[in-house]
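start31.cif (mmCIF, C-alpha atoms) appears below.
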```
data_target
loop_
_atom_site.label_atom_id
_atom_site.label_comp_id
_atom_site.auth_asym_id
_atom_site.auth_seq_id
_atom_site.Cartn_x
_atom_site.Cartn_y
_atom_site.Cartn_z
CA MET A 1 12.15 152.31 -25.77
CA GLN A 2 11.80 150.13 -22.65
CA ASP A 3 14.59 147.79 -23.76
CA VAL A 4 17.01 150.61 -24.51
CA VAL A 5 16.34 152.36 -21.21
CA LEU A 6 16.90 149.09 -19.37
CA ALA A 7 20.13 148.48 -21.28
CA LEU A 8 21.46 151.90 -20.33
CA LEU A 9 21.04 150.95 -16.65
CA VAL A 10 23.26 147.87 -16.91
CA LYS A 11 26.45 149.78 -16.12
CA GLY A 12 24.94 151.32 -13.03
CA PRO A 13 21.93 153.14 -11.54
CA SER A 14 20.97 156.43 -13.09
CA HIS A 15 18.25 159.05 -13.28
CA GLY A 16 15.92 160.04 -16.07
CA TYR A 17 17.77 163.19 -17.01
CA ASP A 18 21.03 161.33 -17.59
CA LEU A 19 19.29 158.49 -19.47
CA ARG A 20 17.58 160.97 -21.75
CA GLY A 21 20.92 162.66 -22.44
CA ARG A 22 22.54 159.36 -23.38
CA LEU A 23 19.62 158.39 -25.60
CA CYS A 24 19.76 161.76 -27.36
CA ALA A 25 23.50 161.38 -27.88
CA ALA A 26 22.99 157.96 -29.46
CA LEU A 27 20.19 159.21 -31.70
CA GLY A 28 21.81 162.47 -32.80
CA PRO A 29 19.37 164.80 -34.57
CA LEU A 30 16.64 162.15 -34.32
CA GLY A 31 16.92 162.45 -30.53
CA GLU A 32 15.37 165.89 -30.72
CA THR A 33 12.04 164.26 -31.45
CA LEU A 34 12.26 162.46 -28.13
CA ASN A 35 9.65 163.95 -25.83
CA ALA A 36 11.12 165.11 -22.50
CA GLY A 37 8.56 163.15 -20.53
CA GLN A 38 8.92 159.87 -22.41
CA VAL A 39 11.89 158.55 -20.47
CA TYR A 40 10.22 159.34 -17.13
CA VAL A 41 6.99 157.64 -18.17
CA THR A 42 8.97 154.61 -19.31
CA LEU A 43 10.86 154.45 -16.00
CA THR A 44 7.62 154.57 -14.03
CA ARG A 45 6.17 151.74 -16.13
CA LEU A 46 9.32 149.65 -15.74
CA GLU A 47 9.22 150.18 -11.99
CA LYS A 48 5.59 149.03 -11.87
CA VAL A 49 6.45 145.70 -13.54
CA GLY A 50 9.52 145.16 -11.40
CA LEU A 51 12.23 145.58 -14.04
CA VAL A 52 13.76 148.57 -12.24
CA VAL A 53 13.65 149.77 -8.63
CA ARG A 54 13.99 153.24 -7.21
CA ASP A 55 17.46 153.27 -5.72
CA ARG A 56 17.69 156.64 -3.95
CA GLU A 57 17.20 160.29 -4.56
CA ASP A 58 20.13 162.40 -5.53
CA ALA A 59 19.99 165.84 -4.05
CA SER A 60 22.67 168.01 -5.54
CA ALA A 61 23.43 171.38 -3.99
CA ARG A 62 21.84 173.12 -6.91
CA GLY A 63 19.15 171.79 -9.18
CA PRO A 64 16.21 169.45 -8.58
CA ARG A 65 16.14 166.18 -6.62
CA ARG A 66 16.45 163.27 -8.99
CA LYS A 67 15.04 159.79 -8.66
CA VAL A 68 17.81 157.27 -9.30
CA TYR A 69 16.73 153.92 -10.76
CA ALA A 70 18.56 150.58 -10.68
CA LEU A 71 18.08 147.48 -12.77
CA THR A 72 16.57 144.38 -11.12
CA GLY A 73 17.58 140.80 -11.94
CA ALA A 74 14.49 140.49 -14.11
CA GLY A 75 15.43 143.72 -15.87
CA ARG A 76 18.88 142.40 -16.60
CA GLU A 77 17.43 139.20 -18.01
CA ARG A 78 15.16 141.20 -20.24
CA VAL A 79 18.14 143.17 -21.63
CA ALA A 80 20.05 139.94 -22.32
CA GLY A 81 17.01 138.54 -24.14
CA TRP A 82 16.55 141.68 -26.18
CA LEU A 83 20.19 141.77 -27.28
CA ALA A 84 20.13 138.10 -28.24
CA GLU A 85 16.83 137.99 -30.11
CA PRO A 86 16.98 138.19 -33.91
CA ALA A 87 15.43 141.34 -35.24
CA GLY A 88 13.54 139.75 -38.14
CA PRO A 89 13.87 140.65 -41.81
CA ARG A 90 12.15 144.00 -41.66
CA ALA A 91 13.51 145.39 -38.44
CA ASP A 92 13.60 149.07 -37.74
CA VAL A 93 16.87 150.90 -38.48
CA ALA A 94 16.77 153.09 -35.37
CA GLU A 95 16.03 150.15 -33.09
CA PHE A 96 18.98 148.16 -34.40
CA HIS A 97 21.20 151.21 -34.07
CA LEU A 98 20.17 151.64 -30.44
CA LYS A 99 20.76 147.95 -29.87
CA LEU A 100 24.37 148.33 -31.01
CA VAL A 101 24.85 151.35 -28.76
CA ALA A 102 23.19 149.54 -25.84
CA ALA A 103 25.31 146.43 -26.43
CA ALA A 104 28.50 148.49 -26.31
CA GLU A 105 27.45 150.53 -23.28
CA SER A 106 26.21 147.60 -21.25
CA GLY A 107 29.05 145.30 -22.24
CA MET A 108 26.48 142.49 -22.46
CA ALA A 109 27.03 141.80 -26.16
CA GLU A 110 29.57 142.73 -28.81
CA PRO A 111 28.20 145.14 -31.40
CA LEU A 112 30.20 143.40 -34.14
CA ALA A 113 28.71 140.03 -33.18
CA LEU A 114 25.22 141.56 -33.46
CA VAL A 115 26.13 142.98 -36.88
CA GLU A 116 27.34 139.58 -38.10
CA ALA A 117 24.26 137.79 -36.78
CA ARG A 118 22.02 140.34 -38.46
CA ARG A 119 23.96 140.04 -41.71
CA ARG A 120 23.41 136.29 -41.71
CA GLU A 121 19.73 136.76 -41.02
CA LEU A 122 19.28 139.33 -43.80
CA ARG A 123 21.31 137.27 -46.26
CA ARG A 124 19.02 134.30 -45.72
CA SER A 125 15.96 136.45 -46.32
CA LEU A 126 17.53 138.01 -49.40
CA ALA A 127 18.47 134.56 -50.72
CA GLU A 128 14.85 133.51 -50.37
CA ALA A 129 13.64 136.66 -52.14
CA GLN A 130 16.16 136.28 -54.97
CA HIS A 131 15.46 132.59 -55.54
CA THR A 132 11.73 133.22 -55.61
CA LEU A 133 12.29 136.12 -57.98
CA LEU A 134 14.46 134.04 -60.35
CA ALA A 135 11.88 131.29 -60.36
CA HIS A 136 8.85 133.51 -60.92
CA GLY A 137 10.27 136.42 -62.90
CA THR A 138 9.92 140.14 -62.36
CA ASP A 139 7.19 140.73 -64.91
CA THR A 140 4.26 140.00 -62.65
CA GLU A 141 2.71 141.96 -59.81
CA ALA A 142 4.07 139.37 -57.41
CA GLY A 143 7.51 139.87 -58.96
CA LEU A 144 7.24 143.59 -58.32
CA LEU A 145 6.56 142.98 -54.65
CA LEU A 146 9.54 140.63 -54.40
CA GLU A 147 11.71 143.21 -56.18
CA GLY A 148 10.75 145.76 -53.52
CA ILE A 149 11.57 143.34 -50.73
CA ALA A 150 14.92 142.42 -52.32
CA LEU A 151 15.89 146.08 -52.80
CA ARG A 152 15.02 146.84 -49.21
CA LEU A 153 17.07 143.92 -47.88
CA GLN A 154 19.95 144.96 -50.12
CA ALA A 155 19.82 148.48 -48.66
CA ASP A 156 19.79 147.08 -45.12
CA LEU A 157 22.85 144.97 -45.92
CA HIS A 158 24.66 148.04 -47.27
CA TRP A 159 23.96 149.89 -44.07
CA LEU A 160 25.09 146.89 -42.03
CA GLU A 161 28.41 147.00 -43.88
CA ALA A 162 28.82 150.59 -42.70
CA CYS A 163 27.86 149.56 -39.14
CA GLY A 164 30.49 146.82 -39.23
CA ARG A 165 33.18 149.24 -40.35
CA ALA A 166 32.26 151.86 -37.76
CA TRP A 167 32.05 149.50 -34.81
CA SER A 168 35.24 147.62 -35.65
CA ALA A 169 37.02 150.98 -35.68
CA ARG A 170 35.52 151.82 -32.30
CA ALA A 171 36.60 148.71 -30.38
CA PRO A 172 37.21 148.19 -27.46
CA TYR A 173 33.64 148.83 -26.49
CA GLY A 174 31.97 150.06 -23.37
CA LYS A 175 34.81 152.29 -22.14
CA ASP A 176 32.78 155.36 -22.66
CA GLY A 177 29.07 156.00 -22.93
CA GLY A 178 27.39 157.73 -25.82
CA ASN A 179 27.43 161.00 -23.89
CA GLY A 180 31.21 161.37 -24.01
CA MET B 1 35.99 113.87 -58.30
CA THR B 2 38.25 113.98 -55.25
CA ALA B 3 36.87 113.32 -51.81
CA GLY B 4 38.29 116.54 -50.31
CA PRO B 5 37.41 120.07 -51.35
CA VAL B 6 37.76 120.86 -55.05
CA LEU B 7 39.43 124.15 -54.24
CA ARG B 8 41.31 124.93 -51.07
CA ALA B 9 43.20 127.96 -49.82
CA VAL B 10 45.48 127.60 -46.80
CA GLY B 11 46.86 130.71 -45.08
CA LEU B 12 46.76 132.59 -48.35
CA SER B 13 48.38 136.04 -48.37
CA ARG B 14 49.26 138.50 -51.10
CA VAL B 15 51.11 141.73 -50.49
CA TYR B 16 51.60 144.47 -53.06
CA GLY B 17 54.30 147.14 -53.01
CA GLN B 18 57.37 147.45 -50.86
CA GLY B 19 58.49 149.24 -47.71
CA GLU B 20 56.05 151.77 -46.32
CA SER B 21 53.68 151.55 -49.25
CA THR B 22 52.87 147.84 -48.83
CA VAL B 23 49.25 146.88 -49.15
CA VAL B 24 48.09 143.53 -47.81
CA ALA B 25 45.45 142.64 -50.41
CA VAL B 26 44.78 139.13 -49.09
CA ASP B 27 45.58 138.37 -45.48
CA GLY B 28 45.75 134.79 -44.25
CA VAL B 29 42.66 133.38 -45.97
CA ASP B 30 41.66 129.77 -45.27
CA LEU B 31 38.88 128.48 -47.50
CA ASP B 32 37.59 125.02 -48.40
CA ILE B 33 35.21 124.81 -51.33
CA PRO B 34 33.54 121.40 -51.67
CA ALA B 35 32.50 119.97 -55.02
CA GLY B 36 29.21 121.38 -56.23
CA GLN B 37 29.22 124.42 -53.97
CA THR B 38 28.31 127.87 -55.23
CA LEU B 39 30.32 130.36 -53.23
CA ALA B 40 29.94 134.12 -53.35
CA VAL B 41 32.77 136.33 -52.08
CA THR B 42 31.53 139.79 -51.17
CA GLY B 43 32.98 142.92 -49.68
CA PRO B 44 33.49 146.59 -50.47
CA SER B 45 35.76 147.55 -53.36
CA GLY B 46 39.41 147.24 -52.42
CA CYS B 47 38.75 144.48 -49.87
CA GLY B 48 40.91 142.03 -51.83
CA LYS B 49 38.19 139.86 -53.35
CA SER B 50 39.43 140.05 -56.94
CA THR B 51 43.00 139.35 -55.81
CA LEU B 52 41.74 136.30 -53.94
CA LEU B 53 39.96 135.07 -57.06
CA HIS B 54 43.10 135.54 -59.18
CA LEU B 55 45.11 133.55 -56.64
CA LEU B 56 42.55 130.75 -56.72
CA ALA B 57 42.61 130.75 -60.53
CA GLY B 58 46.40 130.52 -60.74
CA LEU B 59 46.46 133.95 -62.42
CA ASP B 60 48.56 135.36 -59.59
CA ARG B 61 50.93 133.83 -57.04
CA PRO B 62 50.55 134.17 -53.27
CA ASP B 63 53.34 135.53 -51.07
CA GLU B 64 52.36 133.02 -48.42
CA GLY B 65 50.08 130.04 -48.21
CA GLU B 66 48.88 127.33 -50.55
CA VAL B 67 46.27 126.84 -53.25
CA TRP B 68 45.02 123.34 -53.93
CA LEU B 69 42.86 122.50 -56.92
CA GLY B 70 41.51 119.01 -57.47
CA GLY B 71 44.00 117.58 -55.00
CA GLN B 72 47.04 119.28 -56.55
CA ARG B 73 48.99 122.13 -55.03
CA ILE B 74 49.06 124.72 -57.84
CA ASP B 75 50.73 127.78 -56.32
CA ARG B 76 54.18 126.37 -57.10
CA PHE B 77 53.38 125.25 -60.63
CA GLY B 78 55.66 126.54 -63.37
CA GLN B 79 54.32 128.85 -66.09
CA ARG B 80 53.58 126.03 -68.55
CA ALA B 81 51.78 123.88 -66.02
CA LEU B 82 49.78 126.91 -64.89
CA ALA B 83 48.80 127.81 -68.43
CA ARG B 84 47.65 124.24 -68.99
CA LEU B 85 45.71 124.29 -65.75
CA ARG B 86 43.97 127.55 -66.66
CA ARG B 87 42.95 126.10 -70.00
CA ARG B 88 41.50 122.89 -68.65
CA ALA B 89 40.70 122.92 -64.94
CA VAL B 90 39.53 126.48 -64.45
CA GLY B 91 36.88 128.47 -66.28
CA PHE B 92 37.20 132.21 -65.76
CA VAL B 93 34.42 134.76 -66.34
CA HIS B 94 35.36 138.45 -66.46
CA GLN B 95 33.23 141.48 -65.68
CA ASP B 96 33.67 142.84 -69.20
CA PHE B 97 33.28 139.48 -71.00
CA HIS B 98 36.69 139.43 -72.82
CA LEU B 99 35.24 137.88 -75.96
CA MET B 100 37.16 137.97 -79.24
CA ASP B 101 35.37 140.62 -81.29
CA GLU B 102 36.18 139.08 -84.67
CA LEU B 103 34.89 135.60 -83.75
CA THR B 104 31.25 134.53 -83.65
CA ALA B 105 29.59 133.43 -80.41
CA ALA B 106 30.09 129.77 -81.35
CA GLU B 107 33.74 130.32 -82.33
CA ASN B 108 34.42 132.10 -79.05
CA VAL B 109 33.10 129.10 -77.14
CA GLU B 110 34.95 126.59 -79.35
CA LEU B 111 38.34 128.27 -79.09
CA PRO B 112 39.44 127.03 -75.63
CA ALA B 113 38.27 123.51 -76.55
CA LEU B 114 40.48 123.59 -79.65
CA LEU B 115 43.41 125.02 -77.66
CA ALA B 116 43.03 122.15 -75.22
CA GLY B 117 43.53 119.70 -78.08
CA ASN B 118 39.97 118.66 -78.89
CA SER B 119 38.92 117.95 -82.47
CA PRO B 120 36.97 120.69 -84.29
CA ARG B 121 33.98 118.39 -84.33
CA THR B 122 34.06 117.89 -80.54
CA ALA B 123 34.56 121.63 -80.02
CA ARG B 124 31.57 122.41 -82.26
CA ARG B 125 29.37 119.86 -80.55
CA ARG B 126 30.19 121.13 -77.05
CA ALA B 127 29.80 124.78 -78.03
CA ALA B 128 26.40 124.13 -79.57
CA ALA B 129 25.19 122.31 -76.46
CA LEU B 130 26.44 125.04 -74.13
CA LEU B 131 24.99 127.89 -76.16
CA ASP B 132 21.70 126.05 -76.17
CA ARG B 133 21.88 125.74 -72.40
CA ALA B 134 22.60 129.46 -72.15
CA GLY B 135 19.48 130.18 -74.22
CA LEU B 136 21.56 131.39 -77.17
CA ALA B 137 21.15 128.58 -79.71
CA ASP B 138 19.87 131.06 -82.31
CA ARG B 139 22.71 133.52 -81.71
CA ASP B 140 25.62 131.20 -82.46
CA ARG B 141 26.65 132.95 -85.69
CA HIS B 142 26.43 136.44 -84.23
CA LEU B 143 29.50 138.54 -83.49
CA PRO B 144 29.80 139.89 -79.95
CA SER B 145 29.02 143.38 -81.29
CA GLU B 146 25.63 142.05 -82.42
CA LEU B 147 24.77 140.77 -78.94
CA SER B 148 23.51 142.53 -75.83
CA GLY B 149 25.65 142.69 -72.70
CA GLY B 150 23.73 139.90 -71.01
CA GLN B 151 24.02 137.70 -74.11
CA ARG B 152 27.76 138.36 -74.34
CA GLN B 153 28.22 137.39 -70.72
CA ARG B 154 26.27 134.17 -71.27
CA VAL B 155 28.57 133.39 -74.23
CA ALA B 156 31.54 134.01 -71.92
CA ILE B 157 30.06 131.62 -69.35
CA ALA B 158 29.54 128.97 -72.03
CA ARG B 159 33.17 129.48 -73.04
CA ALA B 160 34.27 129.05 -69.41
CA LEU B 161 32.45 125.70 -69.30
CA VAL B 162 33.64 124.24 -72.59
CA ASN B 163 36.54 122.23 -71.15
CA GLU B 164 34.41 120.93 -68.29
CA PRO B 165 36.48 122.70 -65.64
CA LEU B 166 36.67 121.61 -62.01
CA VAL B 167 35.62 125.11 -61.04
CA VAL B 168 34.20 128.21 -62.68
CA LEU B 169 35.50 131.49 -61.23
CA ALA B 170 33.61 134.67 -62.03
CA ASP B 171 34.81 138.20 -61.24
CA GLU B 172 31.88 140.64 -60.91
CA PRO B 173 30.05 138.79 -63.70
CA THR B 174 27.02 141.10 -63.53
CA GLY B 175 28.97 144.29 -62.82
CA ASN B 176 28.27 145.75 -66.27
CA LEU B 177 24.73 144.43 -66.71
CA ASP B 178 21.30 145.89 -66.19
CA THR B 179 18.64 144.21 -64.05
CA ALA B 180 17.10 142.02 -66.74
CA ALA B 181 20.47 140.83 -68.06
CA THR B 182 21.62 140.19 -64.49
CA HIS B 183 18.59 137.96 -63.98
CA ASP B 184 19.43 135.97 -67.14
CA VAL B 185 23.00 135.42 -65.96
CA LEU B 186 21.88 134.49 -62.44
CA ARG B 187 19.37 132.02 -63.85
CA LEU B 188 22.17 130.39 -65.85
CA PHE B 189 24.32 130.19 -62.70
CA SER B 190 21.36 128.70 -60.90
CA ASP B 191 21.13 125.97 -63.59
CA LEU B 192 24.86 125.30 -63.22
CA ARG B 193 24.42 125.01 -59.48
CA ASP B 194 21.62 122.49 -59.93
CA ALA B 195 23.88 120.54 -62.29
CA GLY B 196 26.55 120.33 -59.57
CA GLN B 197 29.09 122.72 -61.10
CA THR B 198 31.46 124.21 -58.52
CA LEU B 199 31.29 127.97 -58.86
CA VAL B 200 33.01 130.86 -57.11
CA LEU B 201 31.80 134.34 -57.83
CA VAL B 202 33.11 137.63 -56.60
CA THR B 203 30.58 140.42 -56.31
CA HIS B 204 29.96 143.60 -54.37
CA ASP B 205 26.22 143.14 -54.98
CA GLU B 206 24.42 141.43 -52.10
CA ARG B 207 21.55 140.45 -54.40
CA VAL B 208 23.91 138.53 -56.67
CA ALA B 209 25.65 136.97 -53.66
CA ALA B 210 22.28 135.88 -52.29
CA THR B 211 21.82 133.44 -55.17
CA ALA B 212 24.84 131.40 -53.98
CA GLY B 213 24.64 128.56 -51.48
CA ARG B 214 27.35 130.09 -49.35
CA VAL B 215 28.40 133.69 -48.86
CA VAL B 216 31.70 134.83 -47.36
CA SER B 217 32.66 138.44 -46.67
CA LEU B 218 36.11 139.84 -47.04
CA ARG B 219 37.24 142.92 -45.16
CA ASP B 220 40.78 144.28 -45.50
CA GLY B 221 41.82 141.04 -47.14
CA ALA B 222 40.61 138.77 -44.35
CA LEU B 223 37.51 136.59 -44.16
CA CYS B 224 35.13 138.04 -41.59
CA GLU B 225 31.89 136.22 -42.20
CA ASP B 226 30.78 132.88 -43.60
CA THR B 227 27.08 132.13 -44.11
CA LEU B 228 25.59 128.93 -45.46
CA VAL B 229 22.30 129.71 -47.10
CA PRO B 230 19.81 126.87 -46.78
CA ALA B 231 17.62 126.12 -49.75
CA GLY B 232 14.07 127.31 -49.28
CA GLY B 233 13.18 129.33 -46.22
CA SER B 234 10.15 131.06 -44.86
CA GLN B 235 11.21 134.46 -43.65
CA LEU B 236 9.51 136.55 -46.28
CA GLY B 237 6.12 136.23 -44.61
CA ALA B 238 7.43 138.65 -42.02
CA PHE B 239 7.18 141.41 -44.63
CA LEU B 240 3.44 141.14 -44.53
CA GLY B 241 3.46 141.85 -40.82
CA TRP B 242 0.38 139.69 -40.41
CA GLU B 243 1.68 137.48 -37.69
CA GLY B 244 0.13 139.47 -34.87
#
```
Starting from the file, give its structure as structure tokens.
Amino acid sequence: MQDVVLALLVKGPSHGYDLRGRLCAALGPLGETLNAGQVYVTLTRLEKVGLVVRDREDASARGPRRKVYALTGAGRERVAGWLAEPAGPRADVAEFHLKLVAAAESGMAEPLALVEARRRELRRSLAEAQHTLLAHGTDTEAGLLLEGIALRLQADLHWLEACGRAWSARAPYGKDGGNG
Amino acid sequence: MTAGPVLRAVGLSRVYGQGESTVVAVDGVDLDIPAGQTLAVTGPSGCGKSTLLHLLAGLDRPDEGEVWLGGQRIDRFGQRALARLRRRAVGFVHQDFHLMDELTAAENVELPALLAGNSPRTARRRAAALLDRAGLADRDRHLPSELSGGQRQRVAIARALVNEPLVVLADEPTGNLDTAATHDVLRLFSDLRDAGQTLVLVTHDERVAATAGRVVSLRDGALCEDTLVPAGGSQLGAFLGWEG
């Protein structure tokens, strides 16, 4: 959550209400499970550790005053690190999805490049699982575990194929946020 | 064996149809396959991977580009030279086996050796050795109809190897097989890989592709990804989630 919120601030300062809207747009129906307070709590925590600063307060004619947050240099570095780090073989689907959205919105990484890097990573893991499986057979309990791991990696690679198709159709990136 | 790649594609393109209905099946593919490499070509159906394999096998001609096999440019070969090449230098494995129903397993494997001009005795000797390697020594007198799908495909692989080809090309070799039969075929490929056989296999199945030493992805006829898979590895521990 912290990383995504930071990434959404790369393009420019914003307030919690807007950030929550963009997160919800990126998550679709899953966004409905996002607690209204979560983004605000995250912003407060990020401010405490110096990754964001309070920029100003927006006072519109109608509606509440809103605290506007901006990314610090350290915050920006953290986003760059998060986008570049490999997710590991059993990464979370929603987190990788948000990473692609954040990469496109921030312009700090190309979603397709992230997809390709992840594909390479998963292929190496799957190769290891398959070779182990061929060497040890599927008839044992250990084989059953490996079969589960291989099936899961195969499913992730299928999904990645869909990600690749969708994001290559969407280029150029970063023109427009997730909130349209 | 030549010093360069065994199989090489340079700017390979293949277009089907004419006018507005043209489909670019293969679009400017460059590919070098060194001796002893196992290469998997993956991609969704319709991405051009089977067309690419047919071009590499000399079963189809490119509209643009070059195909080099064993140091010879083959895309301009005449029909006779191509037929000769397909008999000797290339072993092809089909998804649905393409065995001769009225011949036994051993006869199916012997046939290309005989067509290439070997003596019946040599053909028999090679077929017996290959069927043994494929774990089918006791099935040599069986007709294809008496064999399971996985056994038939292993006969087809033995047949592809009988003339000691420079490269074995396999088009969805496990596409019609269940999990256990797929494992048998993959184990045979794994043996071939250890023996240094150059092998190119087309598959939409990431698990099959993962057994190759190198995986390339094709999208809309163009290569979009090329991964060398190192032997060994230590990523699976992450599935235990015990690191912290």
* Asked: What is the distance between CA of Leu144 (chain A) and CA of Gly149 (chain B), in Å to one decimal?
  ->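 Result for CA of Leu144 (chain A) versus CA of Gly149 (chain B): 23.4 Å, one decimal.
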* Do you know which residues the PyMOL selection byres ((chain A) within 9 of (chain B)) returns on this file, as a PyMOL selection string? -> chain A and resi 88-90+116+119-120+123-135+137-138+149-151+153-154+157-158+161+165
* Run the PyMOL selection byres ((chain B and resi 52) around 9) against the file shown and list the residues it catches, as a list of chain:residue names. => B:Leu12, B:Ser13, B:Arg14, B:Ala25, B:Val26, B:Val29, B:Gly48, B:Lys49, B:Ser50, B:Thr51, B:Leu53, B:His54, B:Leu55, B:Leu56, B:Ala57, B:Asp60, B:Gly221
* Asked: In Å, how far is it from CA of Ala36 (chain A) to CA of Tyr17 (chain A)?
  -> 8.8 Å
* Asked: Which residues come within 8 Å of region 52-55 of chain A, counting only C-alpha atoms, excluding same-chain residues fewer than 6 positions away, as a VMD selection string?
  -> chain A and resid 6 13 43 46 67 to 72 75
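For the structure in this document, the set picked by the PyMOL selection byres ((chain A and resi 87) around 10) is Trp82, Leu83, Ala84, Glu85, Pro86, Gly88, Pro89, Arg90, Ala91, Asp92, Glu95, Phe96, Leu114, Ala117, Arg118, Glu121 and Leu122 of chain A.
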* Find the residues around Arg65 (chain A) up to 12 Å (only C-alpha atoms counted), leave out those fewer than 6 positions away in its own chain, and share them as a list in words. =>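 Contacts, with the query itself left out: His15, Gly16, Tyr17, Arg56, Glu57, Asp58 and Ala59 of chain A.
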* For Gln197 (chain B): contacts at 10 Å, all atoms listed in the file, fewer than 6 positions along chain excluded, given as a VMD selection string -> chain B and resid 35 to 38 161 164 to 168 189 to 191
* So how far away is CA of Pro64 (chain A) from CA of Leu27 (chain A), in Å? ->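 Computing the Euclidean distance for CA of Leu27 (chain A) and CA of Pro64 (chain A) yields 25.6 Å.
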* To do: List every protein, DNA or RNA residue that has at least one atom no more than 12 Å from (53.8, 125.2, -60.8) in the file's coordinates, counting all atoms listed in the file, and write the result as a list of chain:residue names.
  =>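 Residues close enough to count: B:Gly58, B:Leu59, B:Asp60, B:Arg61, B:Glu66, B:Val67, B:Trp68, B:Leu69, B:Gln72, B:Arg73, B:Ile74, B:Asp75, B:Arg76, B:Phe77, B:Gly78, B:Gln79, B:Arg80, B:Ala81, B:Leu82, B:Ala83, B:Arg84, B:Leu85, B:Arg86.
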